[in-house]
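This is my_file_16.txt. It holds compact mmCIF, C-alpha atoms.
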# COMPACT_ATOMS: atom_id res chain seq x y z
CA MET V 1 0.00 0.00 0.00
CA PRO V 2 1.60 3.32 -0.99
CA ARG V 3 2.34 5.77 1.81
CA ILE V 4 0.54 9.11 1.75
CA ARG V 5 3.21 11.83 1.87
CA ILE V 6 2.18 15.31 3.00
CA ASP V 7 3.52 17.87 0.53
CA ALA V 8 4.01 21.39 1.91
CA VAL V 9 3.67 22.93 -1.54
CA LEU V 10 0.33 21.16 -2.10
CA ILE V 11 -1.00 22.37 1.27
CA GLN V 12 0.12 25.90 0.44
CA ALA V 13 -1.64 25.71 -2.94
CA VAL V 14 -4.88 24.52 -1.34
CA ILE V 15 -4.81 27.34 1.21
CA ALA V 16 -4.06 30.01 -1.40
CA GLY V 17 -6.73 28.67 -3.74
CA ALA V 18 -9.34 28.62 -0.99
CA LEU V 19 -8.59 32.22 0.06
CA SER V 20 -8.65 33.49 -3.55
CA PHE V 21 -11.86 31.56 -4.17
CA ALA V 22 -13.48 33.18 -1.11
CA HIS V 23 -12.34 36.68 -2.11
CA LEU V 24 -13.79 36.33 -5.60
CA HIS V 25 -17.05 35.06 -4.13
CA ASP V 26 -17.30 37.97 -1.68
CA LEU V 27 -16.59 40.54 -4.39
CA ALA V 28 -19.15 39.05 -6.78
CA GLU V 29 -21.74 38.92 -4.02
CA ALA V 30 -21.05 42.57 -3.07
CA ALA V 31 -21.43 43.55 -6.77
CA GLY V 32 -24.99 42.17 -6.83
CA GLN V 33 -24.37 38.54 -7.88
CA ASP V 34 -26.06 36.54 -5.14
CA GLY V 35 -26.72 32.84 -4.63
CA TRP V 36 -25.05 30.29 -6.91
CA LYS V 37 -23.91 33.04 -9.29
CA ALA V 38 -21.46 34.40 -6.69
CA TRP V 39 -19.93 30.90 -6.37
CA ALA V 40 -19.62 30.50 -10.15
CA TYR V 41 -17.37 33.56 -10.55
CA PRO V 42 -14.30 32.05 -8.78
CA VAL V 43 -14.67 28.87 -10.84
CA SER V 44 -14.76 30.89 -14.07
CA VAL V 45 -11.63 32.87 -13.18
CA ASP V 46 -9.65 29.78 -12.14
CA LEU V 47 -10.67 27.82 -15.24
CA LEU V 48 -9.51 30.65 -17.50
CA LEU V 49 -6.17 30.70 -15.67
CA VAL V 50 -5.73 26.95 -16.16
CA ALA V 51 -6.75 27.07 -19.84
CA ALA V 52 -4.32 29.90 -20.59
CA TRP V 53 -1.50 28.10 -18.78
CA ARG V 54 -2.09 24.86 -20.69
CA ARG V 55 -2.16 26.79 -23.96
CA MET V 56 1.18 28.44 -23.18
CA ARG V 57 2.79 25.03 -22.62
CA THR V 58 1.45 23.37 -25.78
CA THR V 59 2.01 26.00 -28.48
CA ALA V 60 5.00 27.96 -29.67
CA ASP V 61 3.12 31.20 -30.45
CA ASN V 62 1.65 31.86 -26.97
CA ARG V 63 1.09 35.61 -27.13
CA ALA V 64 -2.70 35.23 -26.98
CA ALA V 65 -2.42 32.72 -24.14
CA TRP V 66 -0.23 35.14 -22.19
CA ALA V 67 -2.81 37.92 -22.71
CA TRP V 68 -5.70 35.82 -21.33
CA PHE V 69 -3.51 34.54 -18.50
CA ILE V 70 -2.77 38.13 -17.42
CA ILE V 71 -6.47 39.05 -17.66
CA ALA V 72 -7.51 36.13 -15.42
CA LEU V 73 -4.64 36.82 -13.01
CA ALA V 74 -5.65 40.49 -12.79
CA ALA V 75 -9.24 39.49 -11.97
CA SER V 76 -8.10 37.14 -9.21
CA LEU V 77 -5.50 39.52 -7.81
CA GLY V 78 -7.89 42.48 -8.04
CA ALA V 79 -10.53 40.61 -6.02
CA ASN V 80 -7.97 39.72 -3.33
CA VAL V 81 -6.82 43.33 -3.02
CA ALA V 82 -10.35 44.81 -3.17
CA THR V 83 -11.59 42.65 -0.31
CA ALA V 84 -8.64 43.56 1.93
CA GLY V 85 -10.39 46.68 3.26
CA LEU V 86 -9.52 49.03 0.42
CA LEU V 87 -13.06 48.84 -0.96
CA ASP V 88 -16.33 49.30 0.83
CA LEU V 89 -18.19 46.10 0.01
CA GLY V 90 -21.41 47.72 1.21
CA ASP V 91 -21.20 50.42 -1.44
CA VAL V 92 -19.52 48.98 -4.56
CA PRO V 93 -18.90 51.58 -7.32
CA ALA V 94 -20.80 51.30 -10.59
CA TRP V 95 -17.71 50.58 -12.73
CA LEU V 96 -16.91 47.52 -10.60
CA ARG V 97 -20.48 46.27 -10.92
CA ILE V 98 -20.14 46.62 -14.70
CA LEU V 99 -16.88 44.64 -14.73
CA VAL V 100 -18.35 41.84 -12.59
CA ALA V 101 -21.49 41.66 -14.72
CA GLY V 102 -19.48 41.56 -17.97
CA TRP V 103 -16.95 38.99 -16.76
CA PRO V 104 -18.90 35.83 -17.85
CA ALA V 105 -18.98 36.98 -21.48
CA LEU V 106 -15.26 37.90 -21.37
CA ALA V 107 -14.30 34.56 -19.79
CA PHE V 108 -16.38 32.64 -22.34
CA LEU V 109 -14.68 34.49 -25.20
CA GLY V 110 -11.23 33.84 -23.80
CA GLY V 111 -11.87 30.15 -23.17
CA THR V 112 -13.30 29.65 -26.67
CA LEU V 113 -10.34 31.35 -28.34
CA LEU V 114 -7.85 29.34 -26.29
CA VAL V 115 -9.48 26.01 -27.07
CA HIS V 116 -10.28 26.52 -30.75
CA SER V 117 -7.24 28.51 -31.87
CA PRO V 118 -5.31 26.58 -34.54
CA THR V 119 -2.00 25.14 -33.46
CA ALA V 120 1.11 25.62 -35.56
CA ALA V 121 1.63 22.73 -37.93
CA PRO V 122 4.91 20.92 -37.43
CA THR V 123 7.56 22.04 -39.83
CA GLU V 124 8.69 19.51 -42.35
CA THR V 125 12.28 18.57 -41.91
CA ASP V 126 14.51 18.84 -44.91
CA PRO V 127 15.37 15.50 -46.42
CA ALA V 128 18.82 14.25 -45.76
CA PRO V 129 21.23 15.00 -48.59
CA VAL V 130 21.85 12.08 -50.86
CA VAL V 131 25.51 11.27 -50.98
CA ALA V 132 26.57 10.12 -54.41
CA ALA V 133 28.34 6.83 -54.45
CA PRO V 134 31.97 7.01 -55.55
CA PRO V 135 32.52 5.91 -59.13
CA VAL V 136 33.49 2.32 -59.44
CA SER V 137 36.82 2.00 -61.18
CA PRO V 138 36.97 -0.60 -63.91
CA ALA V 139 38.43 -3.84 -62.80
CA ALA V 140 42.07 -4.29 -63.64
CA GLU V 141 42.91 -6.69 -66.39
CA PRO V 142 43.49 -10.04 -64.73
CA VAL V 143 47.01 -11.36 -64.93
CA PRO V 144 47.15 -14.86 -66.36
CA ALA V 145 47.78 -17.42 -63.71
CA VAL V 146 51.22 -18.93 -63.97
CA THR V 147 51.87 -22.33 -62.49
CA VAL V 148 55.41 -22.57 -61.16
CA GLU V 149 56.78 -26.05 -60.79
CA ARG V 150 58.88 -26.50 -57.71
CA ALA V 151 62.42 -27.38 -58.51
CA PRO V 152 63.70 -30.59 -56.96
CA ASP V 153 65.94 -30.14 -53.98
CA PRO V 154 69.63 -30.43 -54.91
CA THR V 155 71.32 -33.62 -53.85
CA PRO V 156 73.55 -32.87 -50.89
CA GLU V 157 77.21 -33.51 -51.48
CA LEU V 158 78.37 -36.40 -49.31
CA PRO V 159 81.80 -36.26 -47.67
CA PRO V 160 84.29 -38.77 -49.04
CA VAL V 161 84.68 -41.97 -47.06
CA PRO V 162 88.25 -42.50 -45.97
CA ALA V 163 89.75 -45.62 -47.54
CA PRO V 164 92.03 -48.08 -45.78
CA GLU V 165 95.66 -47.08 -45.49
CA THR V 166 96.73 -49.73 -47.93
CA ASP V 167 94.38 -48.57 -50.72
CA PRO V 168 95.03 -45.32 -52.62
CA ALA V 169 92.60 -42.40 -51.95
CA PRO V 170 89.74 -42.39 -54.47
CA VAL V 171 89.35 -39.41 -56.74
CA PRO V 172 86.14 -37.47 -55.84
CA VAL V 173 83.64 -37.21 -58.65
CA PRO V 174 82.06 -33.72 -58.94
CA VAL V 175 78.30 -33.69 -58.57
CA THR V 176 76.49 -31.19 -60.76
CA ALA V 177 73.23 -29.60 -59.71
CA PRO V 178 70.24 -30.75 -61.74
CA THR V 179 68.87 -28.37 -64.33
CA VAL V 180 65.79 -26.42 -63.11
CA PRO V 181 62.87 -26.97 -65.52
CA VAL V 182 61.15 -23.78 -66.72
CA PRO V 183 57.49 -23.93 -67.87
CA PRO V 184 56.96 -22.51 -71.37
CA ALA V 185 54.21 -20.15 -70.20
CA LEU V 186 56.45 -18.73 -67.49
CA LEU V 187 59.31 -18.33 -69.98
CA ASP V 188 57.06 -16.41 -72.41
CA HIS V 189 55.88 -14.14 -69.62
CA ALA V 190 59.47 -13.53 -68.56
CA ARG V 191 60.44 -12.60 -72.15
CA LYS V 192 57.70 -9.94 -72.18
CA LEU V 193 58.98 -8.52 -68.91
CA ALA V 194 62.55 -8.54 -70.20
CA ASP V 195 61.57 -6.73 -73.41
CA THR V 196 59.63 -4.12 -71.46
CA HIS V 197 62.56 -3.61 -69.10
CA ARG V 198 65.03 -3.22 -71.98
CA ALA V 199 62.74 -0.74 -73.77
CA THR V 200 62.30 1.30 -70.61
CA THR V 201 65.84 1.31 -69.18
CA GLY V 202 67.94 0.34 -72.18
CA HIS V 203 69.64 -2.44 -70.22
CA ARG V 204 69.21 -6.16 -69.99
CA ILE V 205 67.12 -7.37 -67.08
CA ASP V 206 69.11 -8.93 -64.25
CA PRO V 207 68.15 -12.08 -62.29
CA ALA V 208 67.30 -10.13 -59.12
CA THR V 209 64.84 -7.85 -60.94
CA LEU V 210 63.30 -10.76 -62.80
CA ARG V 211 62.90 -12.68 -59.57
CA ALA V 212 61.13 -9.71 -57.95
CA ARG V 213 58.79 -9.28 -60.94
CA LEU V 214 57.87 -12.97 -61.16
CA GLY V 215 58.00 -13.85 -57.48
CA VAL V 216 59.90 -17.10 -58.07
CA PRO V 217 62.83 -18.69 -56.22
CA ALA V 218 66.39 -17.64 -57.05
CA PRO V 219 67.38 -20.88 -58.85
CA LEU V 220 64.34 -20.62 -61.10
CA ALA V 221 65.06 -16.95 -61.81
CA ASP V 222 68.66 -17.79 -62.74
CA ALA V 223 67.50 -20.57 -65.07
CA ILE V 224 65.01 -18.23 -66.78
CA THR V 225 67.64 -15.48 -67.16
CA ALA V 226 70.01 -18.00 -68.76
CA GLN V 227 67.39 -18.95 -71.34
CA LEU V 228 66.63 -15.29 -72.20
CA ASP V 229 70.11 -14.88 -73.79
Show how you would write the structure in this file as structure tokens.
Amino acid sequence: MPRIRIDAVLIQAVIAGALSFAHLHDLAEAAGQDGWKAWAYPVSVDLLLVAAWRRMRTTADNRAAWAWFIIALAASLGANVATAGLLDLGDVPAWLRILVAGWPALAFLGGTLLVHSPTAAPTETDPAPVVAAPPVSPAAEPVPAVTVERAPDPTPELPPVPAPETDPAPVPVPVTAPTVPVPPALLDHARKLADTHRATTGHRIDPATLRARLGVPAPLADAITAQLD
């Protein structure tokens, strides 16, 4: 069950509203509005105050709402001051009787204008700018795939086996490294690179440059350079 918390501001508002309500009733009754009519005047003033306040909070152009709020506040404040002994309630002047008698029509006009005044239509937001997509560059011409055959590992040179002391030392036989096979397609591609390099620099392409262009091992690059002569 929720606890009921006493709010000092709410109590103050109830007390102030009750006193203002009573002052408006006394002034209306002194101006010749007796019975239920004297009780209706405070309700009319407070409703106009509330309507003007709500209008000020819900619309951007609230100049009219401010005008009616000031009118209702002046009526409430004027009744509070008039009943504080500054005015003889037994002999109310004629101009005050006219204001009290004309208040219902003025309050009705103000409430109607506040309720039925058109509200400002929401402004349409500008559409977000359309960002053009960057032009798509044409795809580069694909380089033909070149299959590089792996060269066989060179046969390691074995150390000579020492012979017995009685036998003469055998003569070592030199072992030559096997020839690295070069695919024809790779050789043709290398010739094009060599021709382009010669036309550009005026010099013959070296094995290191050819190896960097083709991305092949050093033995294969040396074998290709030898066949370009």
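Candidate residues V:His189, V:Arg57, V:Arg211, V:His23 were compared for distance to Gly85 in chain V, and the nearest is V:His23, using all atoms listed in the file.
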So that I can check the surroundings of Pro104 in chain V, please list as an mmCIF file with C-alpha atoms, keeping the file's coordinate frame every protein, DNA and RNA residue that reaches within 12 Å of it, counting only C-alpha atoms and ignoring chain neighbours fewer than 2 positions away.
data_model
loop_
_atom_site.group_PDB
_atom_site.id
_atom_site.type_symbol
_atom_site.label_atom_id
_atom_site.label_comp_id
_atom_site.auth_asym_id
_atom_site.auth_seq_id
_atom_site.Cartn_x
_atom_site.Cartn_y
_atom_site.Cartn_z
ATOM 1 C CA ALA V 28 -19.150 39.050 -6.780
ATOM 2 C CA GLN V 33 -24.370 38.540 -7.880
ATOM 3 C CA LYS V 37 -23.910 33.040 -9.290
ATOM 4 C CA ALA V 38 -21.460 34.400 -6.690
ATOM 5 C CA ALA V 40 -19.620 30.500 -10.150
ATOM 6 C CA TYR V 41 -17.370 33.560 -10.550
ATOM 7 C CA PRO V 42 -14.300 32.050 -8.780
ATOM 8 C CA VAL V 43 -14.670 28.870 -10.840
ATOM 9 C CA SER V 44 -14.760 30.890 -14.070
ATOM 10 C CA VAL V 45 -11.630 32.870 -13.180
ATOM 11 C CA LEU V 47 -10.670 27.820 -15.240
ATOM 12 C CA LEU V 48 -9.510 30.650 -17.500
ATOM 13 C CA ALA V 72 -7.510 36.130 -15.420
ATOM 14 C CA ALA V 75 -9.240 39.490 -11.970
ATOM 15 C CA ILE V 98 -20.140 46.620 -14.700
ATOM 16 C CA LEU V 99 -16.880 44.640 -14.730
ATOM 17 C CA VAL V 100 -18.350 41.840 -12.590
ATOM 18 C CA ALA V 101 -21.490 41.660 -14.720
ATOM 19 C CA GLY V 102 -19.480 41.560 -17.970
ATOM 20 C CA LEU V 106 -15.260 37.900 -21.370
ATOM 21 C CA ALA V 107 -14.300 34.560 -19.790
ATOM 22 C CA PHE V 108 -16.380 32.640 -22.340
ATOM 23 C CA LEU V 109 -14.680 34.490 -25.200
ATOM 24 C CA GLY V 110 -11.230 33.840 -23.800
ATOM 25 C CA GLY V 111 -11.870 30.150 -23.170
#
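For Asp188 in chain V, the list of residues within 12 Å, based on only C-alpha atoms and with local chain neighbours fewer than 4 positions off taken out, reads Pro144, Val146, Val182, Pro183, Pro184, Lys192, Leu193, Ala194, Asp195, Leu214, Ile224, Thr225, Gln227 and Leu228 of chain V.
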Limited to C-alpha atoms, could you put the picked residues into a file as an mmCIF file, keeping the file's coordinate frame?
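Generated file (result-v1.cif):
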data_model
loop_
_atom_site.group_PDB
_atom_site.id
_atom_site.type_symbol
_atom_site.label_atom_id
_atom_site.label_comp_id
_atom_site.auth_asym_id
_atom_site.auth_seq_id
_atom_site.Cartn_x
_atom_site.Cartn_y
_atom_site.Cartn_z
ATOM 1 C CA PRO V 144 47.150 -14.860 -66.360
ATOM 2 C CA VAL V 146 51.220 -18.930 -63.970
ATOM 3 C CA VAL V 182 61.150 -23.780 -66.720
ATOM 4 C CA PRO V 183 57.490 -23.930 -67.870
ATOM 5 C CA PRO V 184 56.960 -22.510 -71.370
ATOM 6 C CA LYS V 192 57.700 -9.940 -72.180
ATOM 7 C CA LEU V 193 58.980 -8.520 -68.910
ATOM 8 C CA ALA V 194 62.550 -8.540 -70.200
ATOM 9 C CA ASP V 195 61.570 -6.730 -73.410
ATOM 10 C CA LEU V 214 57.870 -12.970 -61.160
ATOM 11 C CA ILE V 224 65.010 -18.230 -66.780
ATOM 12 C CA THR V 225 67.640 -15.480 -67.160
ATOM 13 C CA GLN V 227 67.390 -18.950 -71.340
ATOM 14 C CA LEU V 228 66.630 -15.290 -72.200
#
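Restricting the calculation to all atoms listed in the file, the smallest distance between Ala52 in chain V and any of V:Val115, V:Pro217, V:Gly202, V:Gly78 is found for V:Val115.
The closest residue to His25 in chain V, picked from V:Leu114, V:Ala82, V:Val180, V:Val216 and counting all atoms listed in the file, is V:Ala82.
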Adding 4 Å on each side of the box along x, y and z that holds all listed atoms of range 64-74 of chain V, could you give its centre and edge lengths in Å to one decimal, as JSON?
{"center_x": -3.9, "center_y": 36.6, "center_z": -19.9, "size_x": 15.3, "size_y": 15.8, "size_z": 22.2}
Could you pull the residues within 9 Å of Arg54 in chain V, counting only C-alpha atoms, minus those fewer than 5 positions along the same chain, as a VMD selection string?
chain V and resid 49 59 65
Let's have the selection written as a short mmCIF file (atom, residue, chain, number, x, y, z; two decimals), in the coordinates of the input, with C-alpha atoms.
data_model
loop_
_atom_site.label_atom_id
_atom_site.label_comp_id
_atom_site.auth_asym_id
_atom_site.auth_seq_id
_atom_site.Cartn_x
_atom_site.Cartn_y
_atom_site.Cartn_z
CA LEU V 49 -6.17 30.70 -15.67
CA THR V 59 2.01 26.00 -28.48
CA ALA V 65 -2.42 32.72 -24.14
#
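Note that CA of Val50 in chain V and CA of Asp7 in chain V are 21.1 Å apart.
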Which value, in Å to one decimal, gives the distance between CA of Arg204 in chain V and CA of Asp222 in chain V?
13.7 Å
One decimal place gives the CA of Val14 in chain V-CA of Asp88 in chain V separation as 27.4 Å
